[in-house]
$ cat start.cif   # mmCIF, C-alpha atoms
data_run
#
loop_
_atom_site.label_atom_id
_atom_site.label_comp_id
_atom_site.auth_asym_id
_atom_site.auth_seq_id
_atom_site.Cartn_x
_atom_site.Cartn_y
_atom_site.Cartn_z
CA MET A 1 -28.55 21.57 19.80
CA ASN A 2 -28.07 24.88 18.18
CA VAL A 3 -24.87 23.92 16.41
CA GLU A 4 -26.76 21.39 14.35
CA GLN A 5 -29.32 24.06 13.49
CA THR A 6 -26.76 26.49 12.19
CA VAL A 7 -25.31 23.73 10.12
CA ARG A 8 -28.66 22.74 8.74
CA ASP A 9 -28.52 25.25 5.91
CA SER A 10 -26.92 23.07 3.22
CA ALA A 11 -26.31 19.39 2.59
CA VAL A 12 -22.64 19.97 1.79
CA ARG A 13 -22.07 21.79 5.06
CA ARG A 14 -23.94 19.16 6.99
CA ILE A 15 -21.90 16.34 5.48
CA ALA A 16 -18.63 18.22 6.07
CA TYR A 17 -19.61 18.81 9.69
CA ALA A 18 -20.66 15.20 10.22
CA LEU A 19 -17.37 13.91 8.78
CA LEU A 20 -15.32 16.25 10.90
CA ARG A 21 -17.29 15.36 14.02
CA ALA A 22 -16.86 11.66 13.33
CA ALA A 23 -13.11 12.14 12.89
CA VAL A 24 -12.78 14.23 16.05
CA ARG A 25 -14.99 12.23 18.38
CA GLY A 26 -15.43 8.80 16.88
CA ARG A 27 -17.62 7.03 19.39
CA ARG A 28 -16.57 9.21 22.30
CA ALA A 29 -18.67 12.04 23.66
CA ARG A 30 -15.79 14.45 23.28
CA GLY A 31 -12.63 14.37 21.19
CA GLY A 32 -9.20 15.85 21.89
CA ASP A 33 -8.87 19.57 22.65
CA TRP A 34 -7.57 20.49 19.23
CA GLY A 35 -10.13 18.51 17.31
CA GLU A 36 -12.88 20.01 19.42
CA ALA A 37 -11.47 23.47 18.74
CA VAL A 38 -11.68 22.98 14.98
CA LEU A 39 -15.12 21.49 15.33
CA ALA A 40 -16.40 24.35 17.50
CA GLU A 41 -15.30 26.93 14.98
CA PHE A 42 -16.90 25.17 12.05
CA THR A 43 -19.94 27.37 12.58
CA GLU A 44 -17.84 30.47 11.89
CA THR A 45 -17.33 29.46 8.29
CA THR A 46 -19.59 30.83 5.63
CA GLY A 47 -20.54 29.07 2.45
CA ASP A 48 -20.00 25.49 1.28
CA ARG A 49 -16.52 26.05 -0.05
CA GLU A 50 -15.09 27.47 3.10
CA ALA A 51 -16.85 24.86 5.23
CA VAL A 52 -15.35 22.02 3.21
CA ARG A 53 -11.90 23.60 3.35
CA TRP A 54 -12.19 24.06 7.08
CA ALA A 55 -13.34 20.48 7.62
CA ALA A 56 -10.62 19.06 5.37
CA GLY A 57 -7.96 21.00 7.26
CA GLY A 58 -9.60 19.82 10.45
CA LEU A 59 -9.12 16.21 9.42
CA ARG A 60 -5.43 16.91 8.99
CA ALA A 61 -5.28 18.56 12.40
CA VAL A 62 -7.05 15.57 13.97
CA TRP A 63 -4.58 13.24 12.31
CA HIS A 64 -1.69 15.23 13.84
CA GLU A 65 -3.35 15.18 17.23
CA ARG A 66 -3.94 11.43 17.10
CA ARG A 67 -0.35 10.82 16.07
CA ASP A 68 0.91 12.88 18.98
CA ARG A 69 -1.39 11.00 21.34
CA ARG A 70 -0.18 7.66 20.04
CA ARG A 71 3.38 8.68 20.83
CA GLU A 72 2.40 9.08 24.47
CA LEU A 73 0.98 5.58 24.75
CA PRO A 74 2.92 3.12 26.89
CA ARG A 75 5.71 1.46 25.03
CA MET A 76 4.20 -1.98 25.30
CA VAL A 77 0.89 -0.82 23.84
CA ARG A 78 2.67 0.77 20.89
CA ILE A 79 4.73 -2.35 20.30
CA ARG A 80 1.67 -4.57 20.54
CA ARG A 81 -0.25 -2.43 18.06
CA ARG A 82 2.66 -2.46 15.69
CA VAL A 83 2.98 -6.23 15.96
CA VAL A 84 -0.73 -6.66 15.22
CA ARG A 85 -0.54 -4.27 12.29
CA ILE A 86 2.51 -6.00 10.81
CA ALA A 87 0.93 -9.42 11.31
CA LEU A 88 -2.26 -8.39 9.53
CA LEU A 89 -0.32 -6.81 6.66
CA GLY A 90 1.88 -9.87 6.45
CA ILE A 91 -1.08 -12.22 6.26
CA ALA A 92 -2.71 -10.10 3.56
CA ALA A 93 0.52 -9.93 1.57
CA GLY A 94 1.04 -13.66 2.02
CA LEU A 95 -2.40 -14.43 0.63
CA VAL A 96 -1.75 -12.26 -2.39
CA VAL A 97 1.64 -13.86 -3.03
CA ASN A 98 0.20 -17.34 -2.53
CA HIS A 99 -2.51 -16.69 -5.05
CA PHE A 100 -0.65 -14.78 -7.74
CA VAL A 101 3.11 -15.24 -7.39
CA LEU A 102 4.35 -18.35 -5.66
CA THR A 103 2.55 -21.25 -4.10
CA VAL A 104 2.95 -24.86 -3.04
CA GLY A 105 1.45 -27.66 -5.10
CA TYR A 106 0.68 -31.28 -4.29
CA GLN A 107 1.20 -34.21 -6.60
CA PRO A 108 -1.65 -36.71 -6.28
CA SER A 109 -0.73 -38.88 -9.23
CA GLY A 110 2.13 -41.03 -10.37
CA GLY A 111 2.41 -39.59 -13.85
CA MET A 112 5.69 -37.80 -13.08
CA GLU A 113 7.44 -40.63 -11.26
CA PRO A 114 10.22 -41.00 -10.37
CA THR A 115 10.93 -37.23 -10.40
CA TYR A 116 7.75 -36.37 -8.48
CA ARG A 117 6.24 -39.17 -6.47
CA ILE A 118 2.67 -39.38 -5.22
CA THR A 119 2.19 -37.08 -2.17
CA ASP A 120 5.22 -34.96 -3.10
CA ARG A 121 4.90 -31.21 -2.62
CA TYR A 122 6.61 -28.64 -4.78
CA VAL A 123 6.97 -24.87 -5.16
CA VAL A 124 5.27 -23.34 -8.22
CA ASP A 125 5.99 -20.03 -9.88
CA LEU A 126 2.64 -18.61 -10.99
CA ALA A 127 3.79 -15.33 -12.49
CA VAL A 128 7.40 -15.00 -13.61
CA PHE A 129 7.18 -17.75 -16.24
CA ARG A 130 4.67 -15.56 -18.07
CA LEU A 131 7.49 -13.06 -18.62
CA THR A 132 10.39 -15.42 -19.15
CA GLY A 133 8.48 -18.14 -20.93
CA VAL A 134 8.99 -21.85 -20.34
CA GLN A 135 11.86 -23.89 -21.68
CA ARG A 136 12.19 -27.42 -22.94
CA GLY A 137 12.60 -29.74 -19.99
CA ASP A 138 10.73 -27.50 -17.52
CA VAL A 139 8.17 -29.18 -15.34
CA VAL A 140 4.90 -27.26 -15.51
CA GLU A 141 1.45 -27.30 -14.02
CA VAL A 142 -1.21 -27.38 -16.72
CA SER A 143 -4.94 -27.83 -16.56
CA ALA A 144 -5.70 -31.12 -18.23
CA PRO A 145 -7.63 -30.39 -21.43
CA GLY A 146 -11.36 -30.66 -20.95
CA THR A 147 -11.09 -30.61 -17.15
CA HIS A 148 -10.20 -28.14 -14.41
CA ARG A 149 -7.75 -30.61 -12.93
CA ILE A 150 -4.19 -29.38 -12.54
CA ILE A 151 -1.57 -31.92 -13.54
CA LEU A 152 2.22 -31.95 -13.70
CA GLU A 153 3.91 -32.42 -17.05
CA ARG A 154 7.33 -31.96 -18.56
CA VAL A 155 7.68 -29.61 -21.54
CA ILE A 156 9.07 -31.64 -24.43
CA GLY A 157 8.24 -29.50 -27.45
CA LEU A 158 7.84 -25.75 -27.92
CA PRO A 159 5.95 -24.22 -30.87
CA GLY A 160 7.68 -25.16 -34.12
CA ASP A 161 9.42 -28.23 -32.71
CA THR A 162 8.96 -31.51 -34.51
CA ILE A 163 8.40 -34.38 -32.11
CA ARG A 164 8.76 -38.02 -33.00
CA CYS A 165 8.58 -40.83 -30.53
CA ASP A 166 8.67 -44.58 -30.69
CA ASP A 167 9.03 -47.34 -28.15
CA ASP A 168 11.43 -45.94 -25.57
CA ARG A 169 12.77 -42.76 -27.10
CA VAL A 170 11.72 -39.28 -28.08
CA GLU A 171 13.24 -37.30 -30.93
CA ARG A 172 12.96 -33.54 -31.12
CA ASN A 173 13.81 -31.92 -34.43
CA GLY A 174 15.57 -35.08 -35.41
CA VAL A 175 17.74 -35.27 -32.29
CA LEU A 176 17.30 -38.07 -29.80
CA LEU A 177 16.52 -36.61 -26.34
CA ASP A 178 18.79 -37.33 -23.43
CA GLU A 179 16.32 -37.85 -20.61
CA PRO A 180 18.16 -38.39 -17.34
CA TYR A 181 14.94 -37.78 -15.38
CA LEU A 182 13.42 -41.05 -16.59
CA ALA A 183 13.71 -44.06 -14.30
CA THR A 184 16.72 -46.00 -15.38
CA ASP A 185 17.31 -48.23 -12.40
CA ASP A 186 16.66 -51.94 -12.48
CA LEU A 187 13.69 -51.66 -10.11
CA HIS A 188 11.63 -49.72 -12.64
CA PRO A 189 12.84 -50.92 -15.99
CA ASP A 190 9.66 -50.11 -17.85
CA TYR A 191 8.90 -46.53 -16.66
CA ALA A 192 10.29 -45.16 -19.90
CA HIS A 193 8.33 -47.45 -22.15
CA MET A 194 6.25 -45.43 -24.58
CA THR A 195 2.92 -46.33 -26.02
CA GLY A 196 0.38 -44.30 -27.96
CA CYS A 197 2.82 -42.07 -29.79
CA ILE A 198 1.71 -40.20 -32.83
CA ALA A 199 4.26 -40.88 -35.52
CA THR A 200 5.52 -37.33 -36.13
CA LEU A 201 4.06 -34.04 -35.04
CA THR A 202 4.99 -30.39 -35.37
CA VAL A 203 3.92 -28.27 -32.39
CA PRO A 204 1.56 -25.47 -33.60
CA PRO A 205 2.01 -21.85 -32.51
CA HIS A 206 0.98 -21.12 -28.87
CA GLN A 207 0.88 -24.84 -28.10
CA LEU A 208 3.14 -27.09 -26.05
CA TYR A 209 3.94 -30.76 -26.32
CA VAL A 210 4.16 -32.24 -22.82
CA LEU A 211 4.93 -35.69 -21.44
CA GLY A 212 4.90 -37.15 -17.94
CA ASP A 213 8.11 -38.78 -16.75
CA HIS A 214 6.33 -42.08 -16.08
CA ARG A 215 5.73 -42.89 -19.74
CA VAL A 216 3.60 -45.94 -18.98
CA ILE A 217 0.80 -44.45 -16.91
CA SER A 218 1.08 -40.73 -17.66
CA LEU A 219 -1.79 -39.03 -19.47
CA ASP A 220 -0.11 -36.41 -21.63
CA SER A 221 0.21 -35.06 -25.16
CA ARG A 222 0.24 -38.61 -26.46
CA SER A 223 -3.41 -38.93 -25.48
CA PHE A 224 -4.79 -35.39 -25.45
CA GLY A 225 -2.49 -33.78 -27.99
CA THR A 226 -0.61 -30.52 -27.55
CA ILE A 227 -1.88 -28.17 -24.87
CA ASP A 228 -2.71 -24.51 -25.26
CA GLU A 229 -0.36 -21.92 -23.74
CA ALA A 230 -3.37 -20.49 -21.94
CA ASP A 231 -3.75 -23.75 -20.00
CA LEU A 232 -0.32 -23.26 -18.40
CA HIS A 233 -0.84 -22.68 -14.71
CA GLY A 234 2.65 -22.51 -13.29
CA ARG A 235 6.26 -23.60 -13.55
CA VAL A 236 7.61 -25.92 -10.90
CA LEU A 237 10.71 -24.51 -9.25
CA LEU A 238 11.68 -27.19 -6.76
CA ARG A 239 10.46 -30.18 -4.87
CA LEU A 240 9.97 -29.87 -1.13
CA MET B 1 22.32 21.51 7.82
CA PRO B 2 19.66 21.13 10.51
CA ARG B 3 16.65 23.32 9.93
CA ILE B 4 16.04 26.06 12.47
CA PRO B 5 12.63 25.40 14.04
CA HIS B 6 9.77 27.89 13.73
CA THR B 7 11.07 29.68 10.65
CA SER B 8 8.61 28.56 8.02
CA PRO B 9 6.70 31.37 6.29
CA GLN B 10 3.49 29.93 7.74
CA THR B 11 4.79 29.96 11.30
CA LEU B 12 6.18 33.47 10.84
CA SER B 13 2.87 34.79 9.58
CA LEU B 14 1.18 33.23 12.60
CA PHE B 15 3.78 34.84 14.87
CA SER B 16 3.15 38.27 13.43
CA ALA B 17 -0.60 37.84 13.86
CA LEU B 18 -0.20 36.77 17.48
CA LEU B 19 2.26 39.55 18.24
CA GLU B 20 -0.08 42.33 17.17
CA GLU B 21 -1.65 42.35 20.59
CA PRO B 22 0.31 39.78 22.60
CA GLN B 23 -2.05 39.84 25.57
CA ARG B 24 -5.23 39.26 23.63
CA TRP B 25 -6.64 35.74 23.40
CA ARG B 26 -7.22 34.67 19.82
CA TYR B 27 -9.15 31.77 18.36
CA GLY B 28 -8.45 29.51 15.42
CA TYR B 29 -10.89 30.74 12.81
CA ASP B 30 -9.92 34.33 13.47
CA LEU B 31 -6.21 33.50 13.09
CA SER B 32 -6.93 31.46 9.99
CA LYS B 33 -8.68 34.42 8.40
CA GLN B 34 -5.94 36.86 9.28
CA THR B 35 -3.00 34.70 8.21
CA ALA B 36 -4.82 33.08 5.27
CA LEU B 37 -3.65 29.71 6.56
CA ALA B 38 -5.92 26.70 6.08
CA SER B 39 -7.03 24.93 9.23
CA GLY B 40 -4.91 21.93 8.31
CA THR B 41 -1.79 24.10 8.33
CA LEU B 42 -2.67 26.39 11.20
CA TYR B 43 -3.67 23.83 13.83
CA PRO B 44 -0.60 21.60 13.56
CA ILE B 45 1.54 24.72 14.07
CA LEU B 46 -0.54 25.73 17.08
CA MET B 47 -0.22 22.21 18.48
CA ARG B 48 3.53 22.25 18.06
CA LEU B 49 3.90 25.65 19.70
CA SER B 50 1.65 24.64 22.56
CA GLU B 51 3.51 21.40 23.12
CA GLN B 52 6.76 23.36 23.43
CA LYS B 53 5.15 25.77 25.90
CA LEU B 54 5.47 28.66 23.48
CA LEU B 55 1.70 29.05 23.30
CA GLU B 56 -0.87 28.93 26.05
CA THR B 57 -4.38 27.71 25.48
CA THR B 58 -7.65 27.97 27.33
CA TRP B 59 -11.31 27.26 26.76
CA GLU B 60 -13.59 30.25 26.76
CA PRO B 61 -17.11 29.42 27.88
CA SER B 62 -19.72 30.34 25.34
CA ASP B 63 -21.12 33.84 25.85
CA GLU B 64 -24.10 33.38 23.59
CA PRO B 65 -26.45 30.43 23.50
CA GLY B 66 -25.83 28.08 20.62
CA ARG B 67 -22.17 28.94 20.12
CA PRO B 68 -19.93 26.21 21.44
CA PRO B 69 -17.03 27.15 23.76
CA ARG B 70 -13.95 28.39 21.96
CA HIS B 71 -10.39 27.26 22.29
CA LEU B 72 -8.21 30.35 22.73
CA TYR B 73 -4.55 30.95 22.16
CA ARG B 74 -1.86 33.47 22.99
CA LEU B 75 1.91 33.39 23.09
CA THR B 76 3.66 32.75 26.40
CA ALA B 77 6.51 35.04 27.40
CA ASP B 78 8.94 32.52 25.92
CA GLY B 79 6.84 32.29 22.81
CA ALA B 80 6.65 36.05 22.36
CA ALA B 81 10.42 36.36 22.76
CA LEU B 82 11.04 33.62 20.22
CA ALA B 83 8.49 35.08 17.81
CA ASP B 84 10.15 38.47 18.03
CA GLN B 85 13.52 36.98 17.37
CA ARG B 86 12.36 34.85 14.45
CA LEU B 87 10.54 37.76 12.83
CA ALA B 88 13.57 40.00 13.22
CA ALA B 89 15.81 37.36 11.65
CA ARG B 90 13.46 37.02 8.69
CA PRO B 91 14.94 38.24 5.41
CA ALA B 92 13.35 41.61 4.71
CA LYS B 93 12.43 40.69 1.16
CA PRO B 94 11.86 37.34 -0.45
CA ARG B 95 15.30 36.05 -1.26
CA THR B 96 16.43 36.76 -4.81
CA ILE B 97 19.80 36.41 -6.40
CA GLY B 98 19.46 39.71 -8.20
CA PRO B 99 21.45 41.94 -5.85
CA ALA B 100 24.25 39.41 -5.46
CA ILE B 101 24.69 39.19 -9.20
CA GLN B 102 24.54 42.95 -9.54
CA ALA B 103 27.14 43.37 -6.81
CA ARG B 104 29.47 40.98 -8.55
CA THR B 105 29.08 42.46 -12.00
CA ALA B 106 29.28 46.07 -10.83
#
$ encode --input "start.cif" --output "structure tokens"
Amino acid sequence: MNVEQTVRDSAVRRIAYALLRAAVRGRRARGGDWGEAVLAEFTETTGDREAVRWAAGGLRAVWHERRDRRRELPRMVRIRRRVVRIALLGIAAGLVVNHFVLTVGYQPSGGMEPTYRITDRYVVDLAVFRLTGVQRGDVVEVSAPGTHRIILERVIGLPGDTIRCDDDRVERNGVLLDEPYLATDDLHPDYAHMTGCIATLTVPPHQLYVLGDHRVISLDSRSFGTIDEADLHGRVLLRL
Amino acid sequence: MPRIPHTSPQTLSLFSALLEEPQRWRYGYDLSKQTALASGTLYPILMRLSEQKLLETTWEPSDEPGRPPRHLYRLTADGAALADQRLAARPAKPRTIGPAIQARTA
């Protein structure tokens, strides 16, 4: 076709024309009247600059034309399209939130009993704690040192704190901790029983001292020492 | 305050181009050249005018081989009347506050 020949003079003009044609026609043989009008007059332009300007304006015109055409679609079609669009956006946003902001975790071990029992699910904050920091007593997800396994622990000591523990009690900075989250009922009399404590320890900068609530079976700072801030994965907000 | 439709400088310059010879059919590139409007400004205005029956459009078959048919435009009677009125209502000069201040201080 002759149109293509006229356009053949420069790569820029050819690309501009091809883009405009794709926008006007898509996969159809012929686009809307207005798009076709802009396309037909592309050959009137002279030089690369003018051709690109004409094509760019043409894209805007095509966008207007499409928008007007969409408004004439049957109501149900418009609603359906909107529902699909919102659903897709929602799914995408949900995936992003789930990965970076807030997610649900699963507790496969008994190290935090009785607060978190095996098979419990909980909501984890993955982002905000990085701004606000964690506090003593927070339950956090950390990757167990030397592994990629995520485990639940309770923050006992922040950097600078001096931790001392013996049989059934933990002292922080010389003050005996009140630990209402430990099992105190008669059914589980020994949950709070501590073994493997290091006599006294001061938490180094950027480290955390963590313990599981089930002091008998929990693997925590008593065995692997303080954990690095960088191994913090999330802060548990609530149990489901 | 609601904006009065068809009073933008771009629309007015298109009106004055179309009113030069109201009966003549014009095409987009030609109008774009004369009004110095980019295609992305010109065509949406043309679409709006046409949708409101102020502009009529037709396809002119190609008179020379190789040139695609052209889409042509001219104002309808309603359109011409409106264009006249809008152009007449246009401030003669770009609005400045100079004269008002002068009048007050005189």
$ resolve_selection --input "start.cif" --expression "the PyMOL selection byres ((chain B) within 9 of (chain A))" --output "VMD selection string"
chain B and resid 27 to 30 38 to 44 47 59 65 to 72
$ write_last_selection --input "start.cif" --atoms "C-alpha atoms" --output "compact mmCIF listing (two decimals), keeping the file's coordinate frame"
# COMPACT_ATOMS: atom_id res chain seq x y z
CA TYR B 27 -9.15 31.77 18.36
CA GLY B 28 -8.45 29.51 15.42
CA TYR B 29 -10.89 30.74 12.81
CA ASP B 30 -9.92 34.33 13.47
CA ALA B 38 -5.92 26.70 6.08
CA SER B 39 -7.03 24.93 9.23
CA GLY B 40 -4.91 21.93 8.31
CA THR B 41 -1.79 24.10 8.33
CA LEU B 42 -2.67 26.39 11.20
CA TYR B 43 -3.67 23.83 13.83
CA PRO B 44 -0.60 21.60 13.56
CA MET B 47 -0.22 22.21 18.48
CA TRP B 59 -11.31 27.26 26.76
CA PRO B 65 -26.45 30.43 23.50
CA GLY B 66 -25.83 28.08 20.62
CA ARG B 67 -22.17 28.94 20.12
CA PRO B 68 -19.93 26.21 21.44
CA PRO B 69 -17.03 27.15 23.76
CA ARG B 70 -13.95 28.39 21.96
CA HIS B 71 -10.39 27.26 22.29
CA LEU B 72 -8.21 30.35 22.73
$ residues_around --input "start.cif" --residues "Leu14 (chain B)" --least-positions-apart "4" --cutoff "10 Å" --atoms "all atoms listed in the file" --output "PyMOL selection string"
chain B and resi 8-10+18-19+31-32+34-37+42+45-46+83
$ residues_around --input "start.cif" --residues "Arg90 (chain B)" --least-positions-apart "6" --cutoff "12 Å" --atoms "only C-alpha atoms" --output "ChimeraX atom specification"
/B:4,6-9,11-13,15-16,83-84
$ resolve_selection --input "start.cif" --expression "the PyMOL selection byres ((chain A and resi 225) around 12)" --output "PyMOL selection string"
chain A and resi 144-146+157+163+196-198+200-204+207-211+219-224+226-228
$ resolve_selection --input "start.cif" --expression "the PyMOL selection byres ((chain A and resi 171) around 12)" --output "MDAnalysis selection string"
chainID A and resid 156:157 161:170 172:179 197 199:202
$ atom_distance --input "start.cif" --atom1 "CA of Gly94 (chain A)" --atom2 "CA of Asp231 (chain A)"
24.7 Å
$ atom_distance --input "start.cif" --atom1 "CA of Arg215 (chain A)" --atom2 "CA of Arg154 (chain A)"
11.1 Å
$ atom_distance --input "start.cif" --atom1 "CA of Arg70 (chain A)" --atom2 "CA of Arg28 (chain A)"
16.6 Å
$ closest_residue --input "start.cif" --among "B:Arg86, B:Glu20, B:Trp25, B:Pro5" --to "Gln52 (chain B)" --atoms "all atoms listed in the file"
B:Pro5
$ decode --input "start.cif" --residues "region 49-65 of chain B" --atoms "N, CA and C atoms" --output "compact mmCIF listing (two decimals), in the first residue's frame"
# COMPACT_ATOMS: atom_id res chain seq x y z
N LEU B 49 -17.36 18.59 19.77
CA LEU B 49 -18.27 19.40 18.96
C LEU B 49 -19.18 18.50 18.14
N SER B 50 -18.60 17.46 17.56
CA SER B 50 -19.38 16.57 16.71
C SER B 50 -20.43 15.83 17.52
N GLU B 51 -20.06 15.43 18.72
CA GLU B 51 -21.00 14.69 19.56
C GLU B 51 -22.19 15.56 19.93
N GLN B 52 -21.94 16.88 20.04
CA GLN B 52 -23.03 17.80 20.40
C GLN B 52 -23.70 18.38 19.17
N LYS B 53 -23.44 17.78 18.01
CA LYS B 53 -24.08 18.18 16.75
C LYS B 53 -23.76 19.63 16.37
N LEU B 54 -22.61 20.10 16.82
CA LEU B 54 -22.18 21.44 16.42
C LEU B 54 -21.27 21.35 15.20
N LEU B 55 -20.81 20.14 14.91
CA LEU B 55 -19.87 19.94 13.82
C LEU B 55 -20.39 18.76 13.01
N GLU B 56 -20.34 18.90 11.67
CA GLU B 56 -20.68 17.71 10.88
C GLU B 56 -19.42 17.15 10.26
N THR B 57 -19.44 15.84 10.07
CA THR B 57 -18.24 15.17 9.56
C THR B 57 -18.63 14.30 8.37
N THR B 58 -17.67 14.09 7.51
CA THR B 58 -17.89 13.18 6.39
C THR B 58 -16.55 12.62 5.97
N TRP B 59 -16.60 11.54 5.22
CA TRP B 59 -15.37 10.97 4.67
C TRP B 59 -15.29 11.34 3.20
N GLU B 60 -14.17 11.93 2.82
CA GLU B 60 -13.97 12.27 1.42
C GLU B 60 -13.15 11.17 0.77
N PRO B 61 -13.69 10.56 -0.29
CA PRO B 61 -12.91 9.50 -0.94
C PRO B 61 -11.61 10.09 -1.48
N SER B 62 -10.61 9.29 -1.53
CA SER B 62 -9.31 9.75 -1.97
C SER B 62 -9.36 10.15 -3.44
N ASP B 63 -8.80 11.32 -3.77
CA ASP B 63 -8.82 11.74 -5.17
C ASP B 63 -7.51 11.39 -5.88
N GLU B 64 -6.51 11.02 -5.13
CA GLU B 64 -5.28 10.60 -5.79
C GLU B 64 -4.88 9.25 -5.22
N PRO B 65 -4.32 8.40 -6.07
CA PRO B 65 -3.96 7.07 -5.56
C PRO B 65 -2.89 7.18 -4.48
